[in-house]
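S.K.: Take a look at this one; I'll ask things after.
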Amino acid sequence: MTEMINPKIIVVHDDIPDTHPIMVMLKVNHGDDNVLLFKHSQEGLDYVLDNLGTKMIVLLDKNFYGNKEISGVRVFEKIREKTSLVYMILITVSKITELDDEDLKMLINKDLFKFESFTSDYSKILKLVDDALLDLSIRIDSVIEEWIMRHSQEARNRPLIKDKDGKTYSMDQVLESIRQQTEIGVEFERNLLKLAIEIFSRQKLLTND
Amino acid sequence: MINTVIAYDHNDVDLGSYFNSSYLYINDLVGKSNISVTSINGGNCLESNINNAVSPINPNNFVFVGLSHGSDDGLCLIADDNYVSGNNTSIFVNSFFYSTACHIGRELSKQLINDGCKCFIGYTNVSKAPIAGKYVELFIECELHALKNFFLSTKSIQVLFDEMISFTDEKIIELANGTDIVEAMALIANRDYMICVGTDADKALTSNDFN
């Protein structure tokens, strides 16, 4: 087993310094080592995709300036192509009405956690980060991911489940399927929930008499 | 005697051993119950061989057991033609059709019943097998529980099906009480995909009706 990894808060924003009040508050609340700032969207995206086994909340700026930068919406889309288990909060100084219709549909349909204006009232954003962390901690898919990631790579490569159509799936394959929300992963989540309910339903009710 | 035809693919690369163990589990009842078994294995599981084995006995009630891969279309060997499909469902008239193959409860069961099969028990989706050998006997015991007790008792098919679900429930909890969570989850999937299809009257049939 490897050590449990603390959730990381990944801020991808080109217009705030490391000394910005929101960065300071995030570090106070979650620890210096757990808050990372990326000023270039591609670097932020690369970090997230290279660390999918780490629980992450991504605070993502919508607008990036410069020809080499990809927009926050595209970063969101590319992360969603790989995993449904990273919570993302899109922050912007723009109005929501300025979002392209197709982008807005995509953000909603692919589960953007929250959308918030980037104003001087940082408490709203800090609260959203706390909400996201709480939500992530009680999601069954996220809990399974954490359980799998606590195993060694060797254990994660060993077969975990076997179908009677002859296919076997390792922990890593189940995890990949959970992140992509495809059938094997979804069924794994469903069966774990059913098992929990089976066990729970056999729990004797406590009474006062 | 209860005429029983068992088709099993003991040659399958991944699951041949499992299918063979399933076959032996049932065949072990010869001598302990009133059954007469005709077995068709491996590469002999062809539509023509199945038809030849079943046609002479189907004027009377009989039992058919399929232990191999399956799909929505029927029972099959990997990368080979179906040996039970819409082509030959009509020969299973008067059968109690029991299979542990994946998927066949979804479509094939309907065709079988429409063509005069008395009762069907099988899976509606991809069923699970255990990774570790020590759980093989348990998984087989769970999924063949109703069939075994059909031969050993005079309980109705419906009662036996319900008892199989309860039996599997108990085993799920036993596994979960230990450290065998993944196996418990696999048994939950199997339990939930297992169906019994037939009219109420046919589900009330017992082994006495097949003697």
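Every chain in the structure tokens has a letter given in the order shown (A, B, ...), and although residue numbers restart at 1 in each chain, ligands are simply numbered from 1 in the order shown.
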Might you pull out every residue within 7 Å of stretch 175-186 of chain B, with only C-alpha atoms counted and same-chain residues fewer than 4 positions away left off, and present them as a ChimeraX atom specification?

M.R.: /A:191-192,195 /B:128,130,171,190

S.K.: For chain A, report every residue with an atom at most 8 Å from chain B (counting only C-alpha atoms), formatted as a PyMOL selection string.

M.R.: chain A and resi 159-166+188+191-192+194-195+198-199

S.K.: Take the selection from the previous step and output its residues with N, CA and C atoms, as an mmCIF file, in the first residue's frame.

M.R.:
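Once written, again-v4.cif looks like this:
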```
data_model
loop_
_atom_site.group_PDB
_atom_site.id
_atom_site.type_symbol
_atom_site.label_atom_id
_atom_site.label_comp_id
_atom_site.auth_asym_id
_atom_site.auth_seq_id
_atom_site.Cartn_x
_atom_site.Cartn_y
_atom_site.Cartn_z
ATOM 1 N N PRO A 159 -5.402 -9.155 -12.254
ATOM 2 C CA PRO A 159 -6.844 -9.224 -12.551
ATOM 3 C C PRO A 159 -7.673 -9.022 -11.287
ATOM 4 N N LEU A 160 -8.720 -8.256 -11.413
ATOM 5 C CA LEU A 160 -9.609 -7.983 -10.280
ATOM 6 C C LEU A 160 -10.964 -8.646 -10.481
ATOM 7 N N ILE A 161 -11.491 -8.532 -11.680
ATOM 8 C CA ILE A 161 -12.786 -9.158 -11.962
ATOM 9 C C ILE A 161 -12.706 -9.927 -13.282
ATOM 10 N N LYS A 162 -13.572 -10.928 -13.373
ATOM 11 C CA LYS A 162 -13.561 -11.780 -14.559
ATOM 12 C C LYS A 162 -14.988 -11.994 -15.036
ATOM 13 N N ASP A 163 -15.210 -11.688 -16.299
ATOM 14 C CA ASP A 163 -16.526 -11.915 -16.880
ATOM 15 C C ASP A 163 -16.589 -13.296 -17.495
ATOM 16 N N LYS A 164 -17.815 -13.814 -17.599
ATOM 17 C CA LYS A 164 -17.925 -15.141 -18.192
ATOM 18 C C LYS A 164 -17.907 -15.094 -19.716
ATOM 19 N N ASP A 165 -17.647 -13.918 -20.269
ATOM 20 C CA ASP A 165 -17.369 -13.904 -21.703
ATOM 21 C C ASP A 165 -15.853 -13.968 -21.926
ATOM 22 N N GLY A 166 -15.130 -14.275 -20.839
ATOM 23 C CA GLY A 166 -13.695 -14.538 -20.952
ATOM 24 C C GLY A 166 -12.804 -13.339 -20.691
ATOM 25 N N PHE A 188 -19.194 -1.734 -11.597
ATOM 26 C CA PHE A 188 -18.417 -1.918 -10.365
ATOM 27 C C PHE A 188 -18.956 -1.008 -9.260
ATOM 28 N N ASN A 191 -22.417 -2.310 -8.132
ATOM 29 C CA ASN A 191 -22.370 -3.517 -7.304
ATOM 30 C C ASN A 191 -21.832 -3.226 -5.910
ATOM 31 N N LEU A 192 -20.899 -2.278 -5.819
ATOM 32 C CA LEU A 192 -20.387 -1.908 -4.491
ATOM 33 C C LEU A 192 -21.485 -1.232 -3.671
ATOM 34 N N LYS A 194 -24.700 -1.711 -4.072
ATOM 35 C CA LYS A 194 -25.668 -2.759 -3.721
ATOM 36 C C LYS A 194 -25.177 -3.575 -2.531
ATOM 37 N N LEU A 195 -23.883 -3.878 -2.547
ATOM 38 C CA LEU A 195 -23.322 -4.657 -1.436
ATOM 39 C C LEU A 195 -23.432 -3.871 -0.135
ATOM 40 N N GLU A 198 -26.907 -4.142 0.953
ATOM 41 C CA GLU A 198 -27.172 -5.497 1.476
ATOM 42 C C GLU A 198 -26.722 -5.602 2.929
ATOM 43 N N ILE A 199 -25.510 -5.121 3.175
ATOM 44 C CA ILE A 199 -24.954 -5.211 4.533
ATOM 45 C C ILE A 199 -25.741 -4.304 5.481
#
```

S.K.: Which neighbours of B:Asn88 fall inside 12 Å, counting only C-alpha atoms, when residues of the same chain fewer than 6 positions from it are skipped, and could you give them as a PyMOL selection string?

M.R.: chain B and resi 46-52+54-55+73-75+82+108+111-112+115-117

S.K.: From a backbone DSSP assignment, name each residue in stretch 15-171 of chain A labelled strand (DSSP E or B), as a VMD selection string.

M.R.: chain A and resid 35 to 38 56 to 61 87 to 92 114 to 117 159 to 163 168 to 170

S.K.: What would the file look like if the residues just selected were written as a PDB file, in the first residue's frame with C-alpha atoms?

M.R.:
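What landed in result-v6.pdb:
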```pdb
ATOM      1  CA  VAL A  35      -2.179  24.365  -3.590  1.00  0.00           C
ATOM      2  CA  LEU A  36      -0.476  24.739  -6.949  1.00  0.00           C
ATOM      3  CA  LEU A  37      -0.646  27.660  -9.348  1.00  0.00           C
ATOM      4  CA  PHE A  38      -0.144  27.314 -13.093  1.00  0.00           C
ATOM      5  CA  MET A  56      -7.904  17.346  -7.379  1.00  0.00           C
ATOM      6  CA  ILE A  57     -10.087  20.389  -7.460  1.00  0.00           C
ATOM      7  CA  VAL A  58      -9.254  22.592 -10.420  1.00  0.00           C
ATOM      8  CA  LEU A  59      -9.933  26.290 -10.196  1.00  0.00           C
ATOM      9  CA  LEU A  60      -9.850  27.280 -13.816  1.00  0.00           C
ATOM     10  CA  ASP A  61      -9.760  30.708 -15.387  1.00  0.00           C
ATOM     11  CA  TYR A  87     -13.993  18.631  -9.975  1.00  0.00           C
ATOM     12  CA  MET A  88     -13.590  21.867 -11.856  1.00  0.00           C
ATOM     13  CA  ILE A  89     -14.724  25.350 -10.966  1.00  0.00           C
ATOM     14  CA  LEU A  90     -14.648  27.867 -13.783  1.00  0.00           C
ATOM     15  CA  ILE A  91     -13.910  31.415 -12.661  1.00  0.00           C
ATOM     16  CA  THR A  92     -14.163  34.428 -14.898  1.00  0.00           C
ATOM     17  CA  LYS A 114     -19.509  25.408 -10.391  1.00  0.00           C
ATOM     18  CA  PHE A 115     -19.241  28.622 -12.336  1.00  0.00           C
ATOM     19  CA  GLU A 116     -18.327  31.744 -10.380  1.00  0.00           C
ATOM     20  CA  SER A 117     -17.453  35.336 -11.076  1.00  0.00           C
ATOM     21  CA  PRO A 159      -6.844  -9.224 -12.551  1.00  0.00           C
ATOM     22  CA  LEU A 160      -9.609  -7.983 -10.280  1.00  0.00           C
ATOM     23  CA  ILE A 161     -12.786  -9.158 -11.962  1.00  0.00           C
ATOM     24  CA  LYS A 162     -13.561 -11.780 -14.559  1.00  0.00           C
ATOM     25  CA  ASP A 163     -16.526 -11.915 -16.880  1.00  0.00           C
ATOM     26  CA  THR A 168     -10.635 -10.011 -17.144  1.00  0.00           C
ATOM     27  CA  TYR A 169     -10.097  -6.511 -15.802  1.00  0.00           C
ATOM     28  CA  SER A 170      -7.323  -5.260 -13.539  1.00  0.00           C
TER      29      SER A 170
END
```

S.K.: Leaving out A:Asn6 and any residue of its chain fewer than 2 positions from it, which residues lie within 9 Å of it when counting only C-alpha atoms, given as an mmCIF file with C-alpha atoms, in the first residue's frame?

M.R.:
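Output below, filename selection.cif:
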```cif
data_model
loop_
_atom_site.group_PDB
_atom_site.id
_atom_site.type_symbol
_atom_site.label_atom_id
_atom_site.label_comp_id
_atom_site.auth_asym_id
_atom_site.auth_seq_id
_atom_site.Cartn_x
_atom_site.Cartn_y
_atom_site.Cartn_z
ATOM 1 C CA MET A 4 -2.883 8.370 1.030
ATOM 2 C CA LYS A 8 -4.698 19.163 -4.359
ATOM 3 C CA ASN A 34 -1.550 21.199 -1.630
ATOM 4 C CA THR A 54 -4.470 12.416 -7.104
ATOM 5 C CA LYS A 55 -7.706 13.893 -5.878
ATOM 6 C CA MET A 56 -7.904 17.346 -7.379
#
```

S.K.: If you run DSSP over the backbone, which residues in stretch 13-106 of chain B end up helix (DSSP H, G or I)? Put them as a list in words.

M.R.: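 The helix (DSSP H, G or I) subset of stretch 13-106 of chain B is Gly16, Ser17, Tyr18, Phe19, Asn20, Ser21, Ser22, Tyr23, Leu24, Tyr25, Ile26, Asn27, Gly42, Gly43, Asn44, Glu47, Ser48, Asn49, Ile50, Asn51, Asn52, Ala53, Val54, Thr89, Ser90, Ile91 and Phe92 of chain B.
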
S.K.: Store the residues of this selection in a file with C-alpha atoms, as a PDB file, in the first residue's frame.

M.R.:
```
ATOM      1  CA  GLY B  16     -13.046 -24.328 -19.997  1.00  0.00           C
ATOM      2  CA  SER B  17     -12.043 -25.461 -16.538  1.00  0.00           C
ATOM      3  CA  TYR B  18     -14.944 -23.547 -14.980  1.00  0.00           C
ATOM      4  CA  PHE B  19     -17.458 -24.978 -17.451  1.00  0.00           C
ATOM      5  CA  ASN B  20     -16.051 -28.461 -16.872  1.00  0.00           C
ATOM      6  CA  SER B  21     -16.367 -28.081 -13.097  1.00  0.00           C
ATOM      7  CA  SER B  22     -19.958 -26.914 -13.590  1.00  0.00           C
ATOM      8  CA  TYR B  23     -20.666 -29.998 -15.669  1.00  0.00           C
ATOM      9  CA  LEU B  24     -19.141 -32.309 -13.059  1.00  0.00           C
ATOM     10  CA  TYR B  25     -21.219 -30.628 -10.363  1.00  0.00           C
ATOM     11  CA  ILE B  26     -24.395 -31.699 -12.176  1.00  0.00           C
ATOM     12  CA  ASN B  27     -23.117 -35.014 -13.460  1.00  0.00           C
ATOM     13  CA  GLY B  42     -16.189 -28.899 -26.494  1.00  0.00           C
ATOM     14  CA  GLY B  43     -16.093 -28.903 -30.260  1.00  0.00           C
ATOM     15  CA  ASN B  44     -19.058 -31.263 -30.347  1.00  0.00           C
ATOM     16  CA  GLU B  47     -26.274 -27.186 -33.740  1.00  0.00           C
ATOM     17  CA  SER B  48     -26.613 -30.518 -35.545  1.00  0.00           C
ATOM     18  CA  ASN B  49     -25.394 -32.518 -32.549  1.00  0.00           C
ATOM     19  CA  ILE B  50     -27.686 -30.644 -30.202  1.00  0.00           C
ATOM     20  CA  ASN B  51     -30.624 -31.224 -32.508  1.00  0.00           C
ATOM     21  CA  ASN B  52     -29.823 -34.928 -32.749  1.00  0.00           C
ATOM     22  CA  ALA B  53     -29.634 -35.274 -28.981  1.00  0.00           C
ATOM     23  CA  VAL B  54     -32.744 -33.267 -28.170  1.00  0.00           C
ATOM     24  CA  THR B  89     -35.303 -22.916 -30.408  1.00  0.00           C
ATOM     25  CA  SER B  90     -38.303 -24.966 -31.538  1.00  0.00           C
ATOM     26  CA  ILE B  91     -36.605 -28.249 -30.585  1.00  0.00           C
ATOM     27  CA  PHE B  92     -36.605 -27.099 -26.967  1.00  0.00           C
TER      28      PHE B  92
END
```

S.K.: Check the smallest atom-to-atom distance from each of A:Arg202, A:Arg80, A:Arg150, A:Lys127 to A:Asn109 using only C-alpha atoms, then report the winner.

M.R.: A:Arg80

S.K.: Can you tell me how far atom CA of A:Leu128 sits from atom CA of A:Leu193, in Å to one decimal?

M.R.: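 Distance reported for this atom pair: 26.9 Å.
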
S.K.: What separation in Å, quoted to one decimal, exists between atom CA of A:Pro21 and atom CA of A:Asp121?

M.R.: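 Going from atom CA of A:Pro21 over to atom CA of A:Asp121, I get 10.3 Å.
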
S.K.: Restricting the calculation to only C-alpha atoms: of A:Glu154, A:Asp33, A:Asp141, A:Asp130, which residue gets closest to A:Val174?

M.R.: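 Between A:Glu154, A:Asp33, A:Asp141, A:Asp130, the residue approaching A:Val174 most closely is A:Asp141.
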
S.K.: Which of these, A:Lys124, A:Asn29, A:Ile16, A:Ile184, has the shortest distance to A:Lys167 once you count only C-alpha atoms?

M.R.: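 Ranking A:Lys124, A:Asn29, A:Ile16, A:Ile184 by distance to A:Lys167, first place goes to A:Ile184.
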
S.K.: If we count only C-alpha atoms and set the cut-off at 6 Å, which residues sit around B:Ala7, ignoring sequence neighbours fewer than 5 positions away in its own chain? Please answer as an mmCIF file with N, CA and C atoms, in the first residue's frame.

M.R.:
```
data_model
loop_
_atom_site.group_PDB
_atom_site.id
_atom_site.type_symbol
_atom_site.label_atom_id
_atom_site.label_comp_id
_atom_site.auth_asym_id
_atom_site.auth_seq_id
_atom_site.Cartn_x
_atom_site.Cartn_y
_atom_site.Cartn_z
ATOM 1 N N SER B 39 -24.306 -36.012 -22.469
ATOM 2 C CA SER B 39 -23.427 -34.837 -22.471
ATOM 3 C C SER B 39 -22.805 -34.615 -23.844
ATOM 4 N N ILE B 40 -22.677 -33.352 -24.170
ATOM 5 C CA ILE B 40 -22.051 -32.951 -25.439
ATOM 6 C C ILE B 40 -21.010 -31.907 -25.079
ATOM 7 N N ASN B 41 -19.738 -32.152 -25.403
ATOM 8 C CA ASN B 41 -18.729 -31.224 -24.907
ATOM 9 C C ASN B 41 -17.884 -30.608 -26.010
ATOM 10 N N GLY B 66 -26.994 -25.543 -20.542
ATOM 11 C CA GLY B 66 -25.962 -24.949 -21.402
ATOM 12 C C GLY B 66 -24.888 -24.287 -20.564
#
```

S.K.: Quick one: residues within 10 Å of stretch 99-108 of chain A, only C-alpha atoms, excluding same-chain residues fewer than 2 positions away - as number ranges by chain?

M.R.: A: 62, 73-74, 76-77, 80, 88, 90, 94-97, 110-115
